>>> print(open('coords.cif').read())   # mmCIF, C-alpha atoms
data_start
#
loop_
_atom_site.label_atom_id
_atom_site.label_comp_id
_atom_site.auth_asym_id
_atom_site.auth_seq_id
_atom_site.Cartn_x
_atom_site.Cartn_y
_atom_site.Cartn_z
CA MET A 169 -155.41 -217.75 1.64
CA THR A 170 -157.29 -219.21 -1.33
CA ARG A 171 -159.37 -216.06 -1.71
CA TYR A 172 -156.23 -213.91 -1.62
CA ILE A 173 -154.62 -216.02 -4.35
CA LEU A 174 -157.77 -215.74 -6.47
CA ILE A 175 -157.87 -211.95 -6.20
CA LEU A 176 -154.13 -211.65 -6.87
CA LEU A 177 -154.00 -213.91 -9.91
CA SER A 178 -157.20 -212.57 -11.43
CA ALA A 179 -155.55 -209.16 -11.58
CA MET A 180 -152.89 -210.58 -13.89
CA SER A 181 -155.42 -211.01 -16.70
CA VAL A 182 -155.85 -207.22 -16.90
CA ILE A 183 -153.15 -205.59 -19.03
CA ASN A 184 -152.92 -201.92 -18.21
CA SER A 185 -151.26 -199.40 -20.49
CA PRO A 186 -148.16 -197.68 -19.02
CA LEU A 187 -148.55 -194.34 -17.31
CA GLN A 188 -147.69 -191.41 -19.48
CA ALA A 189 -144.87 -189.22 -18.31
CA ALA A 190 -144.56 -185.53 -19.00
CA GLN A 191 -142.06 -186.04 -21.83
CA SER A 192 -144.47 -187.60 -24.29
CA LEU A 193 -143.27 -187.74 -27.91
CA PRO A 194 -146.02 -188.32 -30.50
CA LEU A 195 -144.96 -189.75 -33.84
CA GLN A 196 -145.81 -186.59 -35.80
CA ASP A 197 -143.66 -184.49 -33.47
CA ALA A 198 -140.71 -186.84 -33.87
CA ILE A 199 -140.96 -186.72 -37.66
CA ALA A 200 -141.31 -182.92 -37.71
CA GLN A 201 -138.26 -182.54 -35.48
CA ALA A 202 -136.18 -184.91 -37.60
CA VAL A 203 -137.13 -183.24 -40.89
CA THR A 204 -136.53 -179.67 -39.71
CA SER A 205 -133.22 -180.43 -37.95
CA ASP A 206 -131.66 -182.57 -40.68
CA PRO A 207 -128.24 -181.00 -41.43
CA TRP A 208 -128.12 -182.79 -44.79
CA HIS A 209 -130.76 -180.34 -46.04
CA ASP A 210 -128.51 -177.31 -45.49
CA GLY A 211 -125.55 -178.98 -47.17
CA ASN A 212 -127.67 -179.86 -50.18
CA GLN A 213 -128.85 -176.26 -50.55
CA LEU A 214 -125.25 -175.04 -50.46
CA GLN A 215 -124.33 -177.50 -53.18
CA GLN A 216 -127.21 -176.24 -55.30
CA ARG A 217 -126.03 -172.65 -54.89
CA ALA A 218 -122.54 -173.66 -55.97
CA VAL A 219 -123.84 -175.28 -59.14
CA GLU A 220 -126.07 -172.28 -59.90
CA ALA A 221 -123.08 -169.97 -59.49
CA ARG A 222 -121.05 -172.07 -61.92
CA SER A 223 -123.89 -171.99 -64.45
CA GLU A 224 -123.81 -168.19 -64.42
CA GLY A 225 -120.11 -168.04 -65.21
CA VAL A 226 -119.83 -170.85 -67.72
CA THR A 227 -121.15 -168.71 -70.60
CA ALA A 228 -118.26 -166.24 -70.31
CA LEU A 229 -115.69 -166.24 -73.10
CA PRO A 230 -112.11 -167.24 -72.33
CA ASP A 231 -109.94 -164.33 -71.25
CA PRO A 232 -108.24 -162.56 -74.16
CA MET A 233 -104.47 -162.96 -74.55
CA LEU A 234 -102.31 -159.84 -74.56
CA SER A 235 -98.86 -160.00 -76.10
CA LEU A 236 -96.02 -157.47 -76.11
CA GLY A 237 -92.64 -157.85 -77.79
CA VAL A 238 -89.81 -156.46 -79.87
CA VAL A 239 -89.59 -157.77 -83.43
CA ASN A 240 -86.52 -157.88 -85.72
CA LEU A 241 -84.12 -156.23 -83.27
CA PRO A 242 -80.59 -156.19 -84.81
CA THR A 243 -78.08 -158.15 -82.79
CA ASP A 244 -75.02 -156.19 -83.83
CA SER A 245 -76.09 -152.98 -82.13
CA PHE A 246 -79.43 -153.75 -80.50
CA SER A 247 -80.50 -150.33 -81.77
CA PHE A 248 -84.24 -149.89 -82.15
CA ALA A 249 -83.78 -147.27 -84.92
CA GLN A 250 -81.16 -149.06 -87.06
CA GLU A 251 -83.37 -151.30 -89.20
CA ASN A 252 -86.64 -150.57 -90.94
CA MET A 253 -88.31 -153.79 -89.75
CA THR A 254 -87.53 -153.38 -86.06
CA GLN A 255 -90.83 -152.97 -84.24
CA LEU A 256 -92.30 -152.73 -80.78
CA LYS A 257 -95.36 -154.90 -81.24
CA ALA A 258 -98.46 -155.15 -78.99
CA GLY A 259 -101.21 -157.62 -79.80
CA ILE A 260 -104.40 -159.08 -78.45
CA SER A 261 -106.17 -162.32 -79.35
CA GLN A 262 -109.51 -163.82 -78.45
CA SER A 263 -110.59 -167.46 -78.89
CA PHE A 264 -114.15 -168.74 -79.15
CA PRO A 265 -115.17 -172.25 -77.94
CA ARG A 266 -116.49 -174.74 -80.43
CA GLY A 267 -120.08 -174.40 -81.58
CA ASP A 268 -122.64 -174.02 -78.79
CA THR A 269 -120.36 -175.45 -76.11
CA ARG A 270 -120.97 -172.64 -73.62
CA ALA A 271 -124.77 -172.73 -73.90
CA ILE A 272 -124.85 -176.53 -73.63
CA ARG A 273 -122.65 -176.54 -70.54
CA GLN A 274 -124.85 -173.89 -68.95
CA SER A 275 -127.92 -175.99 -69.71
CA GLN A 276 -126.23 -179.02 -68.11
CA LEU A 277 -125.48 -177.09 -64.93
CA GLN A 278 -129.00 -175.69 -64.77
CA LEU A 279 -130.41 -179.20 -65.06
CA GLN A 280 -128.02 -180.35 -62.34
CA ALA A 281 -129.23 -177.52 -60.10
CA ASN A 282 -132.83 -178.55 -60.73
CA ALA A 283 -132.02 -182.01 -59.38
CA TYR A 284 -131.21 -180.74 -55.89
CA PRO A 285 -134.82 -179.94 -54.87
CA LEU A 286 -135.72 -183.48 -55.93
CA MET A 287 -132.89 -184.78 -53.76
CA ARG A 288 -134.30 -182.87 -50.80
CA GLU A 289 -137.78 -184.18 -51.49
CA ALA A 290 -136.50 -187.75 -51.60
CA ARG A 291 -134.47 -187.12 -48.45
CA ARG A 292 -137.55 -185.88 -46.59
CA ALA A 293 -139.46 -189.00 -47.60
CA GLU A 294 -136.55 -191.17 -46.46
CA VAL A 295 -136.25 -189.34 -43.13
CA ARG A 296 -139.98 -189.60 -42.48
CA SER A 297 -139.93 -193.32 -43.19
CA THR A 298 -136.75 -194.03 -41.23
CA VAL A 299 -137.77 -192.04 -38.16
CA ALA A 300 -141.23 -193.60 -38.17
CA VAL A 301 -139.72 -197.10 -38.19
CA LEU A 302 -137.35 -196.20 -35.34
CA TRP A 303 -140.20 -194.55 -33.40
CA PHE A 304 -142.27 -197.73 -33.64
CA ASP A 305 -139.25 -199.76 -32.52
CA ALA A 306 -139.02 -197.55 -29.43
CA TRP A 307 -142.79 -197.67 -28.88
CA GLN A 308 -142.91 -201.47 -29.10
CA ALA A 309 -139.87 -201.85 -26.84
CA THR A 310 -141.47 -199.55 -24.27
CA GLU A 311 -144.78 -201.40 -24.36
CA THR A 312 -143.00 -204.75 -24.13
CA LEU A 313 -141.05 -203.57 -21.13
CA ALA A 314 -144.25 -202.36 -19.43
CA LEU A 315 -145.99 -205.72 -19.96
CA ILE A 316 -143.06 -207.70 -18.58
CA GLU A 317 -142.62 -205.31 -15.64
CA LYS A 318 -146.29 -205.74 -14.73
CA ASP A 319 -146.09 -209.52 -14.80
CA THR A 320 -142.78 -209.47 -12.90
CA SER A 321 -144.41 -207.53 -10.09
CA LEU A 322 -147.32 -209.95 -9.98
CA PHE A 323 -145.08 -213.00 -10.08
CA GLU A 324 -143.12 -211.62 -7.15
CA GLN A 325 -146.37 -211.54 -5.22
CA MET A 326 -147.17 -215.06 -6.43
CA VAL A 327 -143.89 -216.29 -5.01
CA ASP A 328 -144.70 -214.65 -1.69
CA VAL A 329 -148.17 -216.25 -1.65
CA ALA A 330 -146.79 -219.67 -2.60
CA GLU A 331 -144.11 -219.48 0.10
CA ALA A 332 -146.66 -218.36 2.68
CA GLY A 333 -148.99 -221.20 1.72
CA TYR A 334 -146.20 -223.74 1.87
CA ARG A 335 -144.97 -222.53 5.29
CA SER A 336 -148.47 -222.53 6.77
CA ALA A 337 -149.21 -226.02 5.44
CA LEU A 338 -152.65 -224.78 4.42
CA GLY A 339 -154.11 -225.81 1.11
CA LYS A 340 -152.13 -227.98 -1.27
CA THR A 341 -149.18 -225.71 -2.03
CA ARG A 342 -146.10 -227.88 -2.42
CA GLN A 343 -142.41 -227.16 -2.42
CA GLN A 344 -142.23 -227.71 -6.17
CA ASP A 345 -144.89 -225.01 -6.61
CA VAL A 346 -142.67 -222.56 -4.75
CA ILE A 347 -139.65 -223.59 -6.82
CA ARG A 348 -141.64 -223.28 -10.05
CA ALA A 349 -142.85 -219.79 -9.12
CA GLN A 350 -139.29 -218.75 -8.24
CA LEU A 351 -137.98 -220.17 -11.52
CA GLU A 352 -140.54 -218.26 -13.57
CA LEU A 353 -139.65 -215.12 -11.67
CA VAL A 354 -135.97 -215.54 -12.55
CA GLN A 355 -136.83 -216.14 -16.20
CA LEU A 356 -139.02 -213.06 -16.19
CA ALA A 357 -136.13 -211.09 -14.71
CA ASP A 358 -133.98 -212.19 -17.64
CA ARG A 359 -136.69 -211.22 -20.12
CA LEU A 360 -136.98 -207.90 -18.35
CA THR A 361 -133.25 -207.27 -18.78
CA VAL A 362 -133.45 -208.14 -22.48
CA ALA A 363 -136.47 -205.83 -22.89
CA ARG A 364 -134.59 -202.96 -21.25
CA GLN A 365 -131.60 -203.60 -23.50
CA GLN A 366 -133.85 -203.54 -26.57
CA ARG A 367 -135.48 -200.31 -25.44
CA ASP A 368 -132.10 -198.67 -24.79
CA ALA A 369 -130.93 -199.73 -28.26
CA ALA A 370 -134.12 -198.41 -29.87
CA LEU A 371 -133.77 -195.07 -28.09
CA ALA A 372 -130.12 -194.84 -29.13
CA ARG A 373 -131.00 -195.38 -32.79
CA LEU A 374 -133.80 -192.82 -32.60
CA SER A 375 -131.52 -190.28 -30.90
CA GLU A 376 -129.47 -190.09 -34.08
CA TRP A 377 -132.34 -188.10 -35.58
CA ILE A 378 -134.05 -186.32 -32.69
CA THR A 379 -133.44 -185.26 -29.10
CA ILE A 380 -134.85 -187.76 -26.59
CA SER A 381 -134.09 -189.07 -23.11
CA THR A 382 -134.65 -192.24 -21.16
CA GLN A 383 -137.76 -190.60 -19.69
CA THR A 384 -139.36 -190.09 -23.10
CA THR A 385 -142.66 -191.90 -23.54
CA PHE A 386 -144.39 -192.88 -26.77
CA PRO A 387 -148.18 -192.52 -26.86
CA GLU A 388 -150.41 -195.09 -28.50
CA PRO A 389 -150.38 -194.42 -32.27
CA SER A 390 -153.58 -193.95 -34.23
CA SER A 391 -154.65 -196.10 -37.19
CA THR A 392 -152.30 -196.78 -40.08
CA GLN A 393 -154.72 -195.12 -42.52
CA ALA A 394 -154.64 -191.93 -40.46
CA LEU A 395 -150.87 -192.00 -40.01
CA PHE A 396 -149.95 -193.04 -43.56
CA PRO A 397 -152.75 -192.04 -45.96
CA GLY A 398 -150.38 -192.00 -48.94
CA ALA A 399 -149.27 -195.57 -48.29
CA ALA A 400 -152.88 -196.69 -47.89
CA ARG A 401 -153.81 -195.12 -51.23
CA LEU A 402 -150.78 -196.70 -52.90
CA LEU A 403 -151.86 -200.15 -51.72
CA ALA A 404 -155.39 -199.61 -53.00
CA MET A 405 -154.27 -198.63 -56.52
CA THR A 406 -154.34 -200.77 -59.62
CA GLU A 407 -151.00 -201.83 -61.04
CA GLU A 408 -151.17 -199.21 -63.81
CA ALA A 409 -152.00 -196.40 -61.40
CA ARG A 410 -149.27 -197.57 -59.05
CA ILE A 411 -146.68 -197.45 -61.84
CA ALA A 412 -147.80 -193.96 -62.85
CA THR A 413 -147.53 -192.81 -59.22
CA LEU A 414 -144.09 -194.31 -58.72
CA ARG A 415 -142.83 -192.66 -61.90
CA GLN A 416 -143.44 -189.32 -60.17
CA HIS A 417 -141.38 -190.33 -57.15
CA PRO A 418 -138.48 -187.89 -56.57
CA ARG A 419 -136.01 -190.75 -56.83
CA LEU A 420 -137.12 -191.56 -60.37
CA ARG A 421 -137.44 -187.91 -61.30
CA GLN A 422 -133.81 -187.45 -60.27
CA ILE A 423 -132.89 -190.17 -62.76
CA GLU A 424 -134.91 -188.35 -65.42
CA VAL A 425 -132.85 -185.23 -64.75
CA ARG A 426 -129.67 -187.25 -65.02
CA GLN A 427 -130.91 -188.62 -68.32
CA ALA A 428 -131.49 -185.08 -69.60
CA ILE A 429 -127.97 -184.13 -68.46
CA ALA A 430 -126.58 -187.18 -70.26
CA ASP A 431 -128.44 -186.20 -73.44
CA LYS A 432 -126.86 -182.76 -73.20
CA GLY A 433 -123.54 -184.54 -72.83
CA VAL A 434 -124.09 -186.25 -76.17
CA THR A 435 -124.82 -182.89 -77.80
CA LEU A 436 -121.74 -181.41 -76.12
CA ALA A 437 -119.52 -184.23 -77.37
CA ARG A 438 -120.71 -183.62 -80.94
CA GLN A 439 -119.59 -180.00 -80.69
CA ALA A 440 -116.01 -181.29 -80.82
CA HIS A 441 -116.47 -181.84 -84.57
CA LYS A 442 -116.92 -178.10 -85.03
CA PRO A 443 -113.89 -175.81 -85.43
CA MET A 444 -112.57 -173.47 -82.76
CA TRP A 445 -112.35 -169.87 -83.91
CA GLY A 446 -110.11 -167.02 -82.85
CA VAL A 447 -109.37 -163.42 -83.80
CA ASN A 448 -106.20 -161.43 -83.23
CA ALA A 449 -105.08 -157.87 -83.73
CA SER A 450 -101.69 -156.19 -83.23
CA TYR A 451 -100.07 -152.80 -83.54
CA ALA A 452 -96.36 -152.47 -84.38
CA LEU A 453 -94.53 -149.25 -83.49
CA ARG A 454 -91.38 -148.31 -85.48
CA ASP A 455 -88.84 -145.68 -84.55
CA ASP A 456 -87.60 -142.96 -86.93
CA SER A 457 -84.56 -143.75 -89.07
CA PRO A 458 -81.07 -142.47 -88.08
CA GLN A 459 -81.45 -139.83 -90.79
CA GLY A 460 -84.66 -138.59 -89.12
CA MET A 461 -87.06 -140.09 -91.69
CA ASP A 462 -90.43 -140.96 -90.25
CA ARG A 463 -91.34 -144.67 -90.37
CA THR A 464 -94.95 -145.77 -90.63
CA ASP A 465 -96.38 -147.98 -87.86
CA PHE A 466 -98.06 -151.30 -88.76
CA PHE A 467 -101.51 -152.64 -87.82
CA SER A 468 -102.42 -156.30 -88.30
CA VAL A 469 -105.66 -158.23 -87.86
CA GLY A 470 -106.41 -161.89 -88.49
CA VAL A 471 -108.69 -164.83 -87.94
CA SER A 472 -107.62 -168.34 -86.86
CA VAL A 473 -109.55 -171.59 -86.98
CA GLN A 474 -108.71 -175.00 -85.58
CA LEU A 475 -109.65 -177.78 -87.93
CA PRO A 476 -110.47 -181.13 -86.26
CA LEU A 477 -108.73 -183.21 -88.90
CA PHE A 478 -106.38 -185.45 -86.92
CA SER A 479 -108.50 -185.83 -83.76
CA SER A 480 -111.64 -187.23 -85.40
CA VAL A 481 -111.10 -190.70 -83.93
CA LYS A 482 -110.95 -189.30 -80.42
CA GLN A 483 -114.00 -187.11 -81.00
CA ASP A 484 -116.02 -190.01 -82.40
CA SER A 485 -115.07 -192.06 -79.35
CA GLU A 486 -116.25 -189.29 -77.03
CA VAL A 487 -119.60 -189.16 -78.81
CA SER A 488 -120.00 -192.94 -78.59
CA ALA A 489 -119.14 -192.90 -74.89
CA SER A 490 -121.66 -190.13 -74.21
CA VAL A 491 -124.40 -192.02 -76.06
CA ALA A 492 -123.65 -195.17 -74.04
CA GLU A 493 -123.81 -193.23 -70.77
CA ALA A 494 -127.18 -191.74 -71.73
CA GLN A 495 -128.55 -195.18 -72.55
CA SER A 496 -127.25 -196.59 -69.26
CA VAL A 497 -129.24 -193.96 -67.35
CA VAL A 498 -132.41 -195.14 -69.13
CA THR A 499 -131.65 -198.68 -67.99
CA GLU A 500 -131.07 -197.47 -64.43
CA GLN A 501 -134.49 -195.83 -64.41
CA ARG A 502 -136.18 -199.05 -65.50
CA LEU A 503 -134.36 -201.04 -62.84
CA ALA A 504 -135.26 -198.50 -60.15
CA LEU A 505 -138.94 -198.61 -61.12
CA ARG A 506 -138.91 -202.40 -61.12
CA ASN A 507 -137.26 -202.43 -57.69
CA MET A 508 -139.80 -200.00 -56.24
CA LEU A 509 -142.72 -201.98 -57.65
CA ALA A 510 -141.32 -205.17 -56.14
CA ARG A 511 -140.94 -203.48 -52.75
CA VAL A 512 -144.55 -202.28 -52.83
CA ARG A 513 -145.84 -205.72 -53.84
CA THR A 514 -143.80 -207.34 -51.08
CA ALA A 515 -145.13 -204.88 -48.52
CA ASN A 516 -148.68 -205.52 -49.70
CA ASN A 517 -148.31 -209.29 -49.31
CA THR A 518 -146.63 -208.89 -45.93
CA LEU A 519 -149.44 -206.65 -44.67
CA ILE A 520 -152.07 -209.16 -45.81
CA ARG A 521 -150.44 -211.92 -43.75
CA LEU A 522 -149.91 -209.65 -40.77
CA ALA A 523 -153.57 -208.64 -40.89
CA GLU A 524 -154.55 -212.31 -40.84
CA ARG A 525 -152.35 -212.94 -37.82
CA LYS A 526 -153.68 -209.84 -36.06
CA GLN A 527 -157.25 -210.99 -36.59
CA LEU A 528 -156.36 -214.47 -35.32
CA TYR A 529 -154.90 -213.04 -32.11
CA GLN A 530 -157.72 -210.57 -31.55
CA ASN A 531 -160.55 -213.01 -32.28
CA ARG A 532 -159.16 -216.19 -30.79
CA LEU A 533 -155.72 -216.45 -29.23
CA LEU A 534 -155.92 -213.57 -26.74
CA SER A 535 -159.36 -214.61 -25.50
CA GLN A 536 -158.41 -218.29 -25.39
CA THR A 537 -155.26 -217.70 -23.37
CA ALA A 538 -157.27 -215.52 -20.99
CA GLU A 539 -159.90 -218.26 -20.64
CA GLN A 540 -157.18 -220.85 -20.12
CA ALA A 541 -155.59 -218.72 -17.39
CA ASP A 542 -158.95 -218.21 -15.68
CA ALA A 543 -159.77 -221.92 -15.92
CA ALA A 544 -156.41 -222.91 -14.44
CA LEU A 545 -156.88 -220.42 -11.62
CA THR A 546 -160.41 -221.64 -10.91
CA SER A 547 -159.29 -225.26 -10.82
CA TYR A 548 -156.45 -224.43 -8.48
CA THR A 549 -158.58 -222.41 -6.10
CA ASN A 550 -161.09 -225.29 -6.00
CA ASP A 551 -158.27 -227.69 -5.05
CA ASP A 552 -158.70 -229.44 -8.41
CA GLY A 553 -155.71 -228.05 -10.32
CA ASP A 554 -151.99 -227.65 -10.27
CA PHE A 555 -150.16 -224.47 -9.29
CA ALA A 556 -147.63 -225.10 -12.06
CA GLU A 557 -150.46 -225.05 -14.60
CA VAL A 558 -151.57 -221.68 -13.27
CA VAL A 559 -148.07 -220.34 -13.81
CA ARG A 560 -147.83 -221.80 -17.32
CA ALA A 561 -151.20 -220.33 -18.27
CA ARG A 562 -150.20 -216.88 -17.08
CA ILE A 563 -146.91 -217.06 -18.97
CA ALA A 564 -148.80 -218.17 -22.10
CA GLN A 565 -151.11 -215.19 -21.70
CA LEU A 566 -148.15 -212.83 -21.42
CA ASN A 567 -146.52 -214.37 -24.49
CA ALA A 568 -149.75 -213.96 -26.44
CA HIS A 569 -149.95 -210.27 -25.56
CA LEU A 570 -146.29 -209.77 -26.50
CA ALA A 571 -146.81 -211.57 -29.82
CA ALA A 572 -149.90 -209.45 -30.57
CA LEU A 573 -147.88 -206.33 -29.76
CA ALA A 574 -145.10 -207.48 -32.10
CA ILE A 575 -147.59 -208.01 -34.92
CA GLU A 576 -149.00 -204.53 -34.35
CA GLY A 577 -145.48 -203.09 -34.45
CA ASP A 578 -144.68 -204.99 -37.67
CA ILE A 579 -147.79 -203.57 -39.33
CA TYR A 580 -146.91 -200.01 -38.34
CA ARG A 581 -143.32 -200.43 -39.49
CA GLU A 582 -144.37 -201.89 -42.83
CA TYR A 583 -146.63 -198.90 -43.45
CA ALA A 584 -143.79 -196.58 -42.40
CA ARG A 585 -141.43 -198.17 -44.93
CA LEU A 586 -144.13 -198.08 -47.58
CA SER A 587 -144.64 -194.36 -46.97
CA TYR A 588 -141.29 -193.69 -48.65
CA TYR A 589 -142.65 -194.99 -51.94
CA ALA A 590 -145.84 -192.97 -51.45
CA ALA A 591 -143.94 -189.68 -51.28
CA THR A 592 -145.78 -188.38 -54.35
CA GLU A 593 -149.15 -189.14 -52.77
CA GLN A 594 -148.13 -187.29 -49.62
CA ASN A 595 -146.89 -184.27 -51.56
CA ALA A 596 -150.10 -184.14 -53.57
CA SER A 597 -152.02 -183.25 -50.42
CA GLY A 598 -149.36 -180.74 -49.35
CA THR A 599 -148.63 -182.56 -46.09
CA THR A 600 -146.61 -185.49 -44.92
CA ALA A 601 -148.08 -188.66 -43.53
CA GLN A 602 -148.01 -187.06 -40.12
CA GLY A 603 -149.55 -183.78 -41.11
CA VAL A 604 -146.22 -181.97 -41.16
CA THR A 605 -146.12 -179.23 -43.78
CA GLN A 606 -143.22 -179.66 -46.18
#
>>> encode(input="coords.cif", output="structure tokens")
Amino acid sequence: MTRYILILLSAMSVINSPLQAAQSLPLQDAIAQAVTSDPWHDGNQLQQRAVEARSEGVTALPDPMLSLGVVNLPTDSFSFAQENMTQLKAGISQSFPRGDTRAIRQSQLQLQANAYPLMREARRAEVRSTVAVLWFDAWQATETLALIEKDTSLFEQMVDVAEAGYRSALGKTRQQDVIRAQLELVQLADRLTVARQQRDAALARLSEWITISTQTTFPEPSSTQALFPGAARLLAMTEEARIATLRQHPRLRQIEVRQAIADKGVTLARQAHKPMWGVNASYALRDDSPQGMDRTDFFSVGVSVQLPLFSSVKQDSEVSASVAEAQSVVTEQRLALRNMLARVRTANNTLIRLAERKQLYQNRLLSQTAEQADAALTSYTNDDGDFAEVVRARIAQLNAHLAALAIEGDIYREYARLSYYAATEQNASGTTAQGVTQ
């Protein structure tokens, strides 16, 4: 019986990786699927086409105005031939917008259209980062579930061994040992339920972006430097180089485009001080006199101009408002850069502490909990230890492995979040962090 317990409990110190099912989903495949199937991309392209279409038509002049009427018709007889000044008059007029209004508006729309590719670039970076974080959530939940399932199976066998030893009255197995083993088994069952719930939730969140099933497995990821080279380079940069890199981020470049559009808005507002021109031409047809005398037709042509004399206050206000809007965009860019720098610094500090914890677990805690579990088992098999201590040692070993797994997941997720800010570094190599061509 003692030898059987020794063999059984020694097996608990070996943590095997879960078996891989056929539906394996590597991280790079998940990111590629999410990027290529994102419906937001198609909608953004349609919006860009709409703006480009508007930019082509904005340079057109306003439609000319055609007028047709009877002038100086006598009311006593309503005869078209009675009076000399009675005319059938047809005219046409054409107005011209103020200054360079049409060209400036076209330039604004072209700039707005140029912002859409930057939006898509920022969206791809956001999708890659988001899906990577969710993938690591699912991976960690799956690994956690596998670890707890393995220990649950072994604890079930421990309960059977303890009950057999207690019933046979061999060794020193006591009733409280059986109760303790049963209690730990119940607690493990609860942890197993929580782990399954967490895995289901992680899969549900990931399914928003890609197609997966409950049978999907997540293979062991490679190193963070291999998965996120852009993020690794961003962390290794000096502060000046980091600022220069972040300035090229599509999010900040979008703000630069908005600033250019706002500057055009200032120029457009100043066009209101310029007059609006118009030309008109008309032809007046007169009938012959009652005596048969021929009457000459009339042709008229003229120019009109709108003088901005009484609306100067409104126009000055529009210019001031446009200038303020342009300046506010500059402020927004500074705030965005400051926010991104703070996020990168925070991620860097977090990764330093996580690396320290990872080293502590790898170099000391995992080996010490394993040694403690082996020592407790040896003492118990030599009739010099307590069965409850064996159980506690094995639970401590499981907790250490789960904590080490959580640290590993936190490191991966931090790099995944940081990859969003390293979008420029990824684009410079022509590939994403996962090797997916953009």
>>> resolve_selection(input="coords.cif", expression="the PyMOL selection byres ((chain A and resi 349) around 12)", output="PyMOL selection string")
chain A and resi 320+322-331+341-348+350-356+555-560+562-563
>>> residues_around(input="coords.cif", residues="range 289-301 of chain A", least_positions_apart="4", cutoff="9 Å", atoms="all atoms listed in the file", output="PyMOL selection string")
chain A and resi 195-196+198-200+202-203+206+208-209+284-285+305-306+374+377-378+417-419+580-591+600-602+606
>>> resolve_selection(input="coords.cif", expression="the PyMOL selection byres ((chain A and resi 457-472) around 7)", output="VMD selection string")
chain A and resid 249 to 250 445 to 456 473 to 474
>>> resolve_selection(input="coords.cif", expression="the PyMOL selection byres ((chain A and resi 443) around 10)", output="list in words")
Phe264, Pro265, Arg266, Gly267, Gln439, Ala440, His441, Lys442, Met444, Trp445, Gly446, Ser472, Val473, Gln474, Leu475, Pro476 and Leu477 of chain A
>>> write_last_selection(input="coords.cif", atoms="C-alpha atoms", output="short mmCIF file (atom, residue, chain, number, x, y, z; two decimals), in the coordinates of the input")
data_model
loop_
_atom_site.label_atom_id
_atom_site.label_comp_id
_atom_site.auth_asym_id
_atom_site.auth_seq_id
_atom_site.Cartn_x
_atom_site.Cartn_y
_atom_site.Cartn_z
CA PHE A 264 -114.15 -168.74 -79.15
CA PRO A 265 -115.17 -172.25 -77.94
CA ARG A 266 -116.49 -174.74 -80.43
CA GLY A 267 -120.08 -174.40 -81.58
CA GLN A 439 -119.59 -180.00 -80.69
CA ALA A 440 -116.01 -181.29 -80.82
CA HIS A 441 -116.47 -181.84 -84.57
CA LYS A 442 -116.92 -178.10 -85.03
CA MET A 444 -112.57 -173.47 -82.76
CA TRP A 445 -112.35 -169.87 -83.91
CA GLY A 446 -110.11 -167.02 -82.85
CA SER A 472 -107.62 -168.34 -86.86
CA VAL A 473 -109.55 -171.59 -86.98
CA GLN A 474 -108.71 -175.00 -85.58
CA LEU A 475 -109.65 -177.78 -87.93
CA PRO A 476 -110.47 -181.13 -86.26
CA LEU A 477 -108.73 -183.21 -88.90
#
>>> residues_around(input="coords.cif", residues="range 365-368 of chain A", least_positions_apart="6", cutoff="12 Å", atoms="all atoms listed in the file", output="list in words")
Leu302, Trp303, Phe304, Asp305, Ala306, Trp307, Gln308, Ala309, Thr310, Glu311, Thr312, Leu313, Ala314, Asp358, Arg359, Leu374, Ser375, Ile380, Ser381, Thr382, Gln383, Thr384, Thr385 and Phe386 of chain A
>>> write_last_selection(input="coords.cif", atoms="C-alpha atoms", output="tab-separated table (two decimals), in the coordinates of the input")
chain	number	residue	atom	x	y	z
A	302	LEU	CA	-137.35	-196.20	-35.34
A	303	TRP	CA	-140.20	-194.55	-33.40
A	304	PHE	CA	-142.27	-197.73	-33.64
A	305	ASP	CA	-139.25	-199.76	-32.52
A	306	ALA	CA	-139.02	-197.55	-29.43
A	307	TRP	CA	-142.79	-197.67	-28.88
A	308	GLN	CA	-142.91	-201.47	-29.10
A	309	ALA	CA	-139.87	-201.85	-26.84
A	310	THR	CA	-141.47	-199.55	-24.27
A	311	GLU	CA	-144.78	-201.40	-24.36
A	312	THR	CA	-143.00	-204.75	-24.13
A	313	LEU	CA	-141.05	-203.57	-21.13
A	314	ALA	CA	-144.25	-202.36	-19.43
A	358	ASP	CA	-133.98	-212.19	-17.64
A	359	ARG	CA	-136.69	-211.22	-20.12
A	374	LEU	CA	-133.80	-192.82	-32.60
A	375	SER	CA	-131.52	-190.28	-30.90
A	380	ILE	CA	-134.85	-187.76	-26.59
A	381	SER	CA	-134.09	-189.07	-23.11
A	382	THR	CA	-134.65	-192.24	-21.16
A	383	GLN	CA	-137.76	-190.60	-19.69
A	384	THR	CA	-139.36	-190.09	-23.10
A	385	THR	CA	-142.66	-191.90	-23.54
A	386	PHE	CA	-144.39	-192.88	-26.77
